[in-house]
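The file data-v2.txt comes next; it holds compact mmCIF, C-alpha atoms.
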```txt
# COMPACT_ATOMS: atom_id res chain seq x y z
CA MET A 62 23.77 28.34 -8.02
CA PRO A 63 20.88 29.62 -10.18
CA VAL A 64 18.13 31.47 -8.32
CA PRO A 65 14.65 30.03 -9.06
CA GLN A 66 12.39 32.54 -10.77
CA GLN A 67 9.03 33.13 -9.13
CA PRO A 68 5.99 33.27 -11.42
CA ALA A 69 4.52 36.71 -12.11
CA ASP A 70 1.40 35.75 -10.16
CA PRO A 71 2.42 33.16 -7.54
CA TYR A 72 -1.11 32.92 -6.13
CA ALA A 73 -2.49 31.87 -9.52
CA ALA A 74 0.37 29.37 -9.83
CA ILE A 75 -0.82 27.54 -6.69
CA GLY A 76 -4.49 27.55 -7.61
CA VAL A 77 -5.90 30.68 -5.94
CA VAL A 78 -8.93 32.07 -7.77
CA GLY A 79 -8.57 35.71 -8.77
CA PRO A 80 -6.27 38.32 -7.22
CA ALA A 81 -5.77 38.06 -3.48
CA PRO A 82 -8.01 40.53 -1.63
CA GLU A 83 -6.30 43.27 0.30
CA GLY A 84 -4.95 41.99 3.58
CA VAL A 85 -5.14 38.33 2.52
CA THR A 86 -1.82 36.54 2.29
CA LEU A 87 -0.60 33.01 1.65
CA PRO A 88 2.81 31.64 2.60
CA LEU A 89 5.49 31.67 -0.08
CA PRO A 90 9.08 30.36 0.04
CA PRO A 91 11.02 32.56 2.48
CA VAL A 92 13.84 34.96 1.67
CA PHE A 93 16.71 35.18 4.15
CA ASP A 94 18.88 38.02 5.43
CA SER A 95 21.83 35.81 6.33
CA VAL A 96 23.32 32.47 5.38
CA ASP A 97 23.15 31.33 9.01
CA GLU A 98 19.42 31.97 9.06
CA GLU A 99 18.93 30.03 5.83
CA ARG A 100 21.07 27.15 7.07
CA ARG A 101 19.02 26.88 10.26
CA TYR A 102 15.80 26.91 8.20
CA ARG A 103 17.04 24.21 5.83
CA LYS A 104 18.11 21.97 8.71
CA GLU A 105 14.75 22.40 10.46
CA GLN A 106 12.96 21.60 7.21
CA LEU A 107 15.14 18.51 6.81
CA ALA A 108 14.38 17.30 10.34
CA ALA A 109 10.67 17.85 9.66
CA GLY A 110 11.01 15.89 6.41
CA PHE A 111 12.43 12.91 8.28
CA ARG A 112 9.64 13.07 10.84
CA LEU A 113 7.13 13.02 7.96
CA PHE A 114 8.86 10.01 6.37
CA GLY A 115 8.59 8.28 9.73
CA ARG A 116 4.92 9.24 10.04
CA PHE A 117 4.16 7.88 6.55
CA GLY A 118 5.93 4.60 7.31
CA PHE A 119 8.68 5.11 4.72
CA SER A 120 11.39 3.64 6.94
CA GLU A 121 12.89 0.21 6.27
CA GLY A 122 15.59 -0.57 8.80
CA VAL A 123 18.50 1.80 8.20
CA ALA A 124 17.63 2.44 4.53
CA GLY A 125 16.54 5.83 3.26
CA HIS A 126 17.92 9.34 3.28
CA ILE A 127 17.01 12.95 2.59
CA THR A 128 19.68 15.57 1.94
CA VAL A 129 19.78 19.35 1.68
CA ARG A 130 22.59 21.40 0.19
CA ASP A 131 24.35 23.82 2.52
CA PRO A 132 23.45 27.40 1.49
CA GLU A 133 27.00 28.70 1.95
CA HIS A 134 28.98 25.75 0.58
CA PRO A 135 27.19 24.16 -2.42
CA ASP A 136 29.59 21.20 -2.42
CA ARG A 137 28.39 20.15 1.04
CA PHE A 138 25.09 18.67 2.16
CA TRP A 139 23.27 17.83 5.39
CA VAL A 140 21.99 14.28 5.85
CA ASN A 141 20.56 11.96 8.50
CA PRO A 142 22.88 10.08 10.89
CA PHE A 143 23.24 6.44 9.88
CA GLY A 144 21.00 4.15 11.92
CA MET A 145 18.86 6.83 13.59
CA SER A 146 15.08 6.51 13.41
CA PHE A 147 13.40 9.01 11.08
CA SER A 148 10.86 9.65 13.81
CA GLN A 149 13.49 10.83 16.31
CA ILE A 150 15.77 13.01 14.17
CA LYS A 151 16.26 16.59 15.37
CA ALA A 152 17.92 19.47 13.54
CA SER A 153 20.90 19.17 15.88
CA ASP A 154 21.42 15.49 14.91
CA LEU A 155 22.09 16.20 11.23
CA ILE A 156 25.45 15.38 9.66
CA LEU A 157 27.37 17.63 7.24
CA VAL A 158 29.48 15.95 4.56
CA ASP A 159 31.19 17.24 1.42
CA HIS A 160 31.19 15.71 -2.06
CA GLU A 161 34.51 14.00 -1.31
CA GLY A 162 33.05 12.14 1.66
CA THR A 163 34.69 14.20 4.41
CA LEU A 164 32.59 14.39 7.57
CA LEU A 165 32.53 18.08 8.55
CA HIS A 166 29.93 18.21 11.32
CA GLY A 167 28.34 15.57 13.51
CA THR A 168 29.35 12.64 15.67
CA ARG A 169 27.74 9.69 13.85
CA PRO A 170 28.63 8.02 10.54
CA VAL A 171 26.91 8.60 7.20
CA ASN A 172 25.18 5.84 5.25
CA ARG A 173 27.60 4.88 2.44
CA ALA A 174 24.73 4.53 -0.05
CA ALA A 175 23.42 7.97 0.93
CA PHE A 176 26.81 9.50 0.15
CA ALA A 177 27.32 7.56 -3.08
CA ILE A 178 23.92 8.57 -4.48
CA HIS A 179 23.30 12.04 -3.08
CA SER A 180 26.80 13.44 -3.63
CA GLN A 181 26.48 12.67 -7.34
CA VAL A 182 22.90 13.89 -7.63
CA HIS A 183 23.79 17.20 -6.00
CA ALA A 184 26.94 17.51 -8.13
CA ALA A 185 25.04 16.86 -11.36
CA ARG A 186 22.07 19.07 -10.47
CA PRO A 187 23.05 22.51 -9.10
CA ASP A 188 19.34 23.37 -8.96
CA ALA A 189 18.59 20.39 -6.69
CA VAL A 190 18.73 21.88 -3.20
CA ALA A 191 17.26 18.70 -1.71
CA ALA A 192 16.94 15.03 -2.63
CA ALA A 193 14.81 12.32 -1.02
CA HIS A 194 14.96 8.53 -1.21
CA SER A 195 13.57 5.66 0.82
CA HIS A 196 12.42 2.09 0.40
CA SER A 197 8.72 2.91 0.63
CA LEU A 198 6.38 -0.05 0.07
CA HIS A 199 4.54 0.95 -3.09
CA GLY A 200 7.51 2.71 -4.63
CA LYS A 201 9.69 -0.37 -4.42
CA ALA A 202 6.84 -2.65 -5.56
CA PHE A 203 6.19 -0.43 -8.58
CA SER A 204 9.91 -0.13 -9.33
CA SER A 205 10.11 -3.90 -9.89
CA LEU A 206 7.91 -3.53 -13.00
CA GLY A 207 10.60 -1.55 -14.81
CA ILE A 208 8.08 0.86 -16.33
CA PRO A 209 7.47 4.61 -15.98
CA LEU A 210 4.60 6.05 -13.99
CA ALA A 211 1.59 6.56 -16.27
CA PRO A 212 -0.66 9.66 -16.26
CA LEU A 213 -3.62 7.85 -14.74
CA THR A 214 -4.59 10.57 -12.27
CA GLN A 215 -4.25 14.31 -11.80
CA ASP A 216 -1.58 13.78 -9.14
CA ALA A 217 0.46 11.42 -11.34
CA CYS A 218 0.53 14.07 -14.08
CA ALA A 219 3.07 16.01 -11.98
CA PHE A 220 5.56 13.35 -13.15
CA PHE A 221 4.42 13.02 -16.76
CA GLU A 222 7.52 13.11 -18.96
CA ASP A 223 9.35 14.45 -15.91
CA HIS A 224 10.85 11.36 -14.33
CA GLY A 225 13.60 8.95 -15.31
CA LEU A 226 14.06 5.18 -15.01
CA TYR A 227 17.29 3.63 -13.75
CA SER A 228 17.22 -0.03 -14.80
CA ASP A 229 20.76 -1.17 -13.89
CA TYR A 230 20.32 -2.45 -10.33
CA ARG A 231 23.60 -3.89 -8.99
CA GLY A 232 22.91 -4.31 -5.29
CA VAL A 233 23.39 -1.76 -2.52
CA VAL A 234 24.93 1.40 -3.96
CA THR A 235 28.41 1.63 -2.48
CA ASP A 236 30.45 3.60 -5.03
CA THR A 237 30.10 7.01 -6.61
CA GLU A 238 30.27 5.61 -10.15
CA GLU A 239 26.86 4.04 -9.67
CA GLY A 240 25.73 7.28 -8.06
CA LYS A 241 26.73 9.01 -11.28
CA ARG A 242 24.62 6.57 -13.30
CA VAL A 243 21.64 7.24 -11.03
CA ALA A 244 22.16 10.99 -11.51
CA ALA A 245 22.33 10.48 -15.28
CA ALA A 246 19.04 8.57 -15.22
CA LEU A 247 17.47 11.37 -13.19
CA GLY A 248 18.66 13.87 -15.77
CA SER A 249 16.81 17.17 -15.54
CA HIS A 250 13.69 15.57 -14.06
CA LYS A 251 12.11 15.90 -10.61
CA ALA A 252 12.22 12.15 -9.94
CA VAL A 253 13.69 8.82 -10.98
CA ILE A 254 12.41 5.28 -10.48
CA LEU A 255 15.26 3.02 -9.37
CA GLN A 256 14.30 -0.40 -10.72
CA ASN A 257 14.10 -3.11 -8.02
CA HIS A 258 14.97 -0.44 -5.46
CA GLY A 259 12.54 2.46 -5.01
CA LEU A 260 12.02 6.15 -5.74
CA LEU A 261 14.20 9.24 -5.61
CA THR A 262 12.95 12.82 -5.91
CA VAL A 263 14.61 16.23 -5.96
CA GLY A 264 13.48 19.81 -5.46
CA GLN A 265 14.52 23.41 -4.99
CA SER A 266 13.60 22.99 -1.30
CA VAL A 267 13.25 20.17 1.20
CA ALA A 268 9.49 20.70 1.19
CA GLU A 269 9.30 20.26 -2.57
CA ALA A 270 11.50 17.13 -2.67
CA VAL A 271 9.55 15.54 0.20
CA TRP A 272 6.20 16.37 -1.36
CA TRP A 273 7.20 14.84 -4.71
CA PHE A 274 8.23 11.69 -2.86
CA VAL A 275 4.96 11.47 -0.92
CA THR A 276 2.73 12.02 -3.95
CA MET A 277 4.84 9.79 -6.23
CA GLU A 278 4.63 6.96 -3.69
CA ARG A 279 0.84 7.37 -3.63
CA SER A 280 0.67 7.58 -7.42
CA CYS A 281 2.58 4.30 -7.62
CA GLN A 282 0.06 2.80 -5.21
CA ALA A 283 -2.85 4.12 -7.30
CA GLN A 284 -1.39 2.66 -10.51
CA LEU A 285 -0.76 -0.72 -8.87
CA LEU A 286 -4.37 -0.79 -7.64
CA ALA A 287 -5.73 0.24 -11.04
CA MET A 288 -3.64 -2.37 -12.87
CA ALA A 289 -4.80 -5.06 -10.44
CA ALA A 290 -8.45 -4.09 -10.95
CA GLY A 291 -8.45 -3.91 -14.74
CA THR A 292 -7.06 -1.93 -17.66
CA PRO A 293 -6.45 1.70 -16.65
CA LYS A 294 -7.33 4.51 -19.06
CA PRO A 295 -4.52 7.08 -19.13
CA ILE A 296 -4.98 10.82 -19.51
CA ASP A 297 -4.11 12.01 -23.04
CA ARG A 298 -0.69 13.60 -23.56
CA GLU A 299 -1.90 17.16 -24.17
CA THR A 300 -4.03 17.19 -21.03
CA ALA A 301 -1.30 15.49 -18.99
CA LEU A 302 1.19 18.18 -19.98
CA ILE A 303 -1.27 20.97 -19.13
CA THR A 304 -1.94 19.34 -15.76
CA ARG A 305 1.79 18.98 -15.08
CA GLY A 306 2.10 22.72 -15.59
CA GLN A 307 -0.59 23.23 -12.97
CA VAL A 308 0.46 20.77 -10.26
CA GLY A 309 4.09 19.95 -11.08
CA THR A 310 5.96 23.24 -10.67
CA PRO A 311 8.51 23.86 -7.89
CA LEU A 312 6.20 26.40 -6.24
CA ALA A 313 3.24 24.01 -6.43
CA GLY A 314 5.36 21.29 -4.82
CA TRP A 315 6.51 23.61 -2.04
CA PHE A 316 2.99 24.83 -1.34
CA GLN A 317 1.37 21.37 -1.42
CA ALA A 318 3.68 20.38 1.43
CA ARG A 319 2.52 23.23 3.70
CA PRO A 320 -0.26 21.28 5.48
CA LEU A 321 2.20 18.46 6.22
CA TRP A 322 4.74 20.88 7.73
CA ASP A 323 2.04 22.50 9.85
CA GLN A 324 0.96 19.11 11.19
CA ILE A 325 4.43 17.73 11.95
CA THR A 326 5.80 20.90 13.54
CA ALA A 327 2.74 21.10 15.79
CA SER A 328 2.94 17.46 16.85
CA ASP A 329 6.76 17.18 17.02
CA PRO A 330 8.13 20.51 18.28
CA ASP A 331 11.30 18.80 19.51
CA LEU A 332 12.49 18.45 15.90
CA PHE A 333 13.69 22.07 16.16
CA ASP A 334 16.13 21.20 18.99
```
Spell out the structure here as structure tokens.
Amino acid sequence: MPVPQQPADPYAAIGVVGPAPEGVTLPLPPVFDSVDEERRYRKEQLAAGFRLFGRFGFSEGVAGHITVRDPEHPDRFWVNPFGMSFSQIKASDLILVDHEGTLLHGTRPVNRAAFAIHSQVHAARPDAVAAAHSHSLHGKAFSSLGIPLAPLTQDACAFFEDHGLYSDYRGVVTDTEEGKRVAAALGSHKAVILQNHGLLTVGQSVAEAVWWFVTMERSCQAQLLAMAAGTPKPIDRETALITRGQVGTPLAGWFQARPLWDQITASDPDLFD
């Protein structure tokens, strides 16, 4: 799996003014000494991501899933147990499944749609360590329009010319062939709008994938509000591309999620169990 390259000046890449003074540090994506340590970290991040989805109200019955690739076995991923509330998921509850659908760890079943979609997304995108999907309110409302997200705001520019549109809705995804079509629509982008369904985002970390989902959901809400109020004025292409380079990088996505992780791990310490 390719190793993401860090920018020469990571502080500048996340919006810090000037060089960091001596003794001043900001968190950056961790480096691990062992695969077991990285696996534990990824599972804890995944549990925290589910708690955040629950906190944001992204649940809709048993629909929705976030996955993270196992650091030792890239053809395996960790996912939520089918039918368990996002707000109650702990690291120890997570299920491990391979790309063939074999359950390797856990005592509860896996959502068939989660397997059909995420196995193909992870297979098609070796760089996608994590993928997130749910039936969030504004994401599914916006998806029914069958149009891409417009660069109406600074936040929406993170997705400018960096998201796909899957327009072939055929009901609940139950087979891997449709998962392959979803992965093809995602392409090399950070997100895809699933028409009449919702949003799906990917990232080089759970934090990044979750953050793209949160901010894309809100950008969909902002565009729906703007369209209801009048005729929105989009940001010009050159400026939108510049802004995407500022707020739409993997490191920017990871760092933007930091306040959310701090909040959820402080309020829900049992997620580490």
What's around stretch 313-323 of chain A at 12 Å? Count all atoms listed in the file, leave out sequence neighbours fewer than 3 positions away in its own chain, and write the answer as a PyMOL selection string.
chain A and resi 67-68+71-77+87-91+105-114+116-117+191+216+219-220+251+262-277+304-310+326-330+332
Could you check how far atom CA of A:Leu210 sits from atom CA of A:Gly115, in Å to one decimal?
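Distance reported for this atom pair: 24.2 Å.
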Can you tell me which residues surround A:Asp131 at a distance of at most 12 Å, considering all atoms listed in the file, apart from same-chain residues fewer than 4 positions away, and format the answer as a ChimeraX atom specification?
/A:62,96-104,107,135-140,155-160,165-166,183,187,189-191,266-267
Keeping only C-alpha atoms, write those residues as a PDB file, in the frame of the given file.
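Saved file out_26.pdb follows:
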```pdb
ATOM      1  CA  MET A  62      23.770  28.340  -8.020  1.00  0.00           C
ATOM      2  CA  VAL A  96      23.320  32.470   5.380  1.00  0.00           C
ATOM      3  CA  ASP A  97      23.150  31.330   9.010  1.00  0.00           C
ATOM      4  CA  GLU A  98      19.420  31.970   9.060  1.00  0.00           C
ATOM      5  CA  GLU A  99      18.930  30.030   5.830  1.00  0.00           C
ATOM      6  CA  ARG A 100      21.070  27.150   7.070  1.00  0.00           C
ATOM      7  CA  ARG A 101      19.020  26.880  10.260  1.00  0.00           C
ATOM      8  CA  TYR A 102      15.800  26.910   8.200  1.00  0.00           C
ATOM      9  CA  ARG A 103      17.040  24.210   5.830  1.00  0.00           C
ATOM     10  CA  LYS A 104      18.110  21.970   8.710  1.00  0.00           C
ATOM     11  CA  LEU A 107      15.140  18.510   6.810  1.00  0.00           C
ATOM     12  CA  PRO A 135      27.190  24.160  -2.420  1.00  0.00           C
ATOM     13  CA  ASP A 136      29.590  21.200  -2.420  1.00  0.00           C
ATOM     14  CA  ARG A 137      28.390  20.150   1.040  1.00  0.00           C
ATOM     15  CA  PHE A 138      25.090  18.670   2.160  1.00  0.00           C
ATOM     16  CA  TRP A 139      23.270  17.830   5.390  1.00  0.00           C
ATOM     17  CA  VAL A 140      21.990  14.280   5.850  1.00  0.00           C
ATOM     18  CA  LEU A 155      22.090  16.200  11.230  1.00  0.00           C
ATOM     19  CA  ILE A 156      25.450  15.380   9.660  1.00  0.00           C
ATOM     20  CA  LEU A 157      27.370  17.630   7.240  1.00  0.00           C
ATOM     21  CA  VAL A 158      29.480  15.950   4.560  1.00  0.00           C
ATOM     22  CA  ASP A 159      31.190  17.240   1.420  1.00  0.00           C
ATOM     23  CA  HIS A 160      31.190  15.710  -2.060  1.00  0.00           C
ATOM     24  CA  LEU A 165      32.530  18.080   8.550  1.00  0.00           C
ATOM     25  CA  HIS A 166      29.930  18.210  11.320  1.00  0.00           C
ATOM     26  CA  HIS A 183      23.790  17.200  -6.000  1.00  0.00           C
ATOM     27  CA  PRO A 187      23.050  22.510  -9.100  1.00  0.00           C
ATOM     28  CA  ALA A 189      18.590  20.390  -6.690  1.00  0.00           C
ATOM     29  CA  VAL A 190      18.730  21.880  -3.200  1.00  0.00           C
ATOM     30  CA  ALA A 191      17.260  18.700  -1.710  1.00  0.00           C
ATOM     31  CA  SER A 266      13.600  22.990  -1.300  1.00  0.00           C
ATOM     32  CA  VAL A 267      13.250  20.170   1.200  1.00  0.00           C
TER      33      VAL A 267
END
```
Record the distance separating atom CA of A:Val171 and atom CA of A:Phe143, expressed in Å with one decimal.
5.0 Å
Could you list, as a PDB file with C-alpha atoms, keeping the file's coordinate frame, every residue within 8 Å of A:Pro212, counting all atoms listed in the file and ignoring same-chain residues fewer than 5 positions away?
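Output file part13.pdb is given in full below:
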```pdb
ATOM      1  CA  ALA A 217       0.460  11.420 -11.340  1.00  0.00           C
ATOM      2  CA  CYS A 218       0.530  14.070 -14.080  1.00  0.00           C
ATOM      3  CA  PHE A 220       5.560  13.350 -13.150  1.00  0.00           C
ATOM      4  CA  PHE A 221       4.420  13.020 -16.760  1.00  0.00           C
ATOM      5  CA  PRO A 295      -4.520   7.080 -19.130  1.00  0.00           C
ATOM      6  CA  ILE A 296      -4.980  10.820 -19.510  1.00  0.00           C
ATOM      7  CA  ASP A 297      -4.110  12.010 -23.040  1.00  0.00           C
ATOM      8  CA  ALA A 301      -1.300  15.490 -18.990  1.00  0.00           C
TER       9      ALA A 301
END
```
Excluding A:Pro142 and residues on its chain fewer than 3 positions from it, collect all residues at most 10 Å away from it, counting only C-alpha atoms, and give them as number ranges by chain.
A: 123, 126, 139, 145-147, 150, 154-157, 167-172
Tell me, in Å to one decimal, how far atom CA of A:Gly225 is from atom CA of A:Gly259.
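Going from atom CA of A:Gly225 over to atom CA of A:Gly259 covers 12.2 Å.
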Which residue out of A:Asp334, A:Asp229, A:Asp236, A:Asp188 has the minimum interatomic distance to A:Ser205 when all atoms listed in the file are used?
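Residue with the minimum atom-to-atom distance to A:Ser205: A:Asp229.
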Distance query A:Ser195 at most 9 Å, only C-alpha atoms, self and fewer than 4 positions along chain excluded, as an MDAnalysis selection string
chainID A and resid 114 119:121 124:127 200:201 258:261 274
Residue nearest A:Pro132 among A:Ile325, A:Gln181, A:Ser95, A:Leu164 (counting all atoms listed in the file):
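Result for the nearest residue to A:Pro132: A:Ser95.
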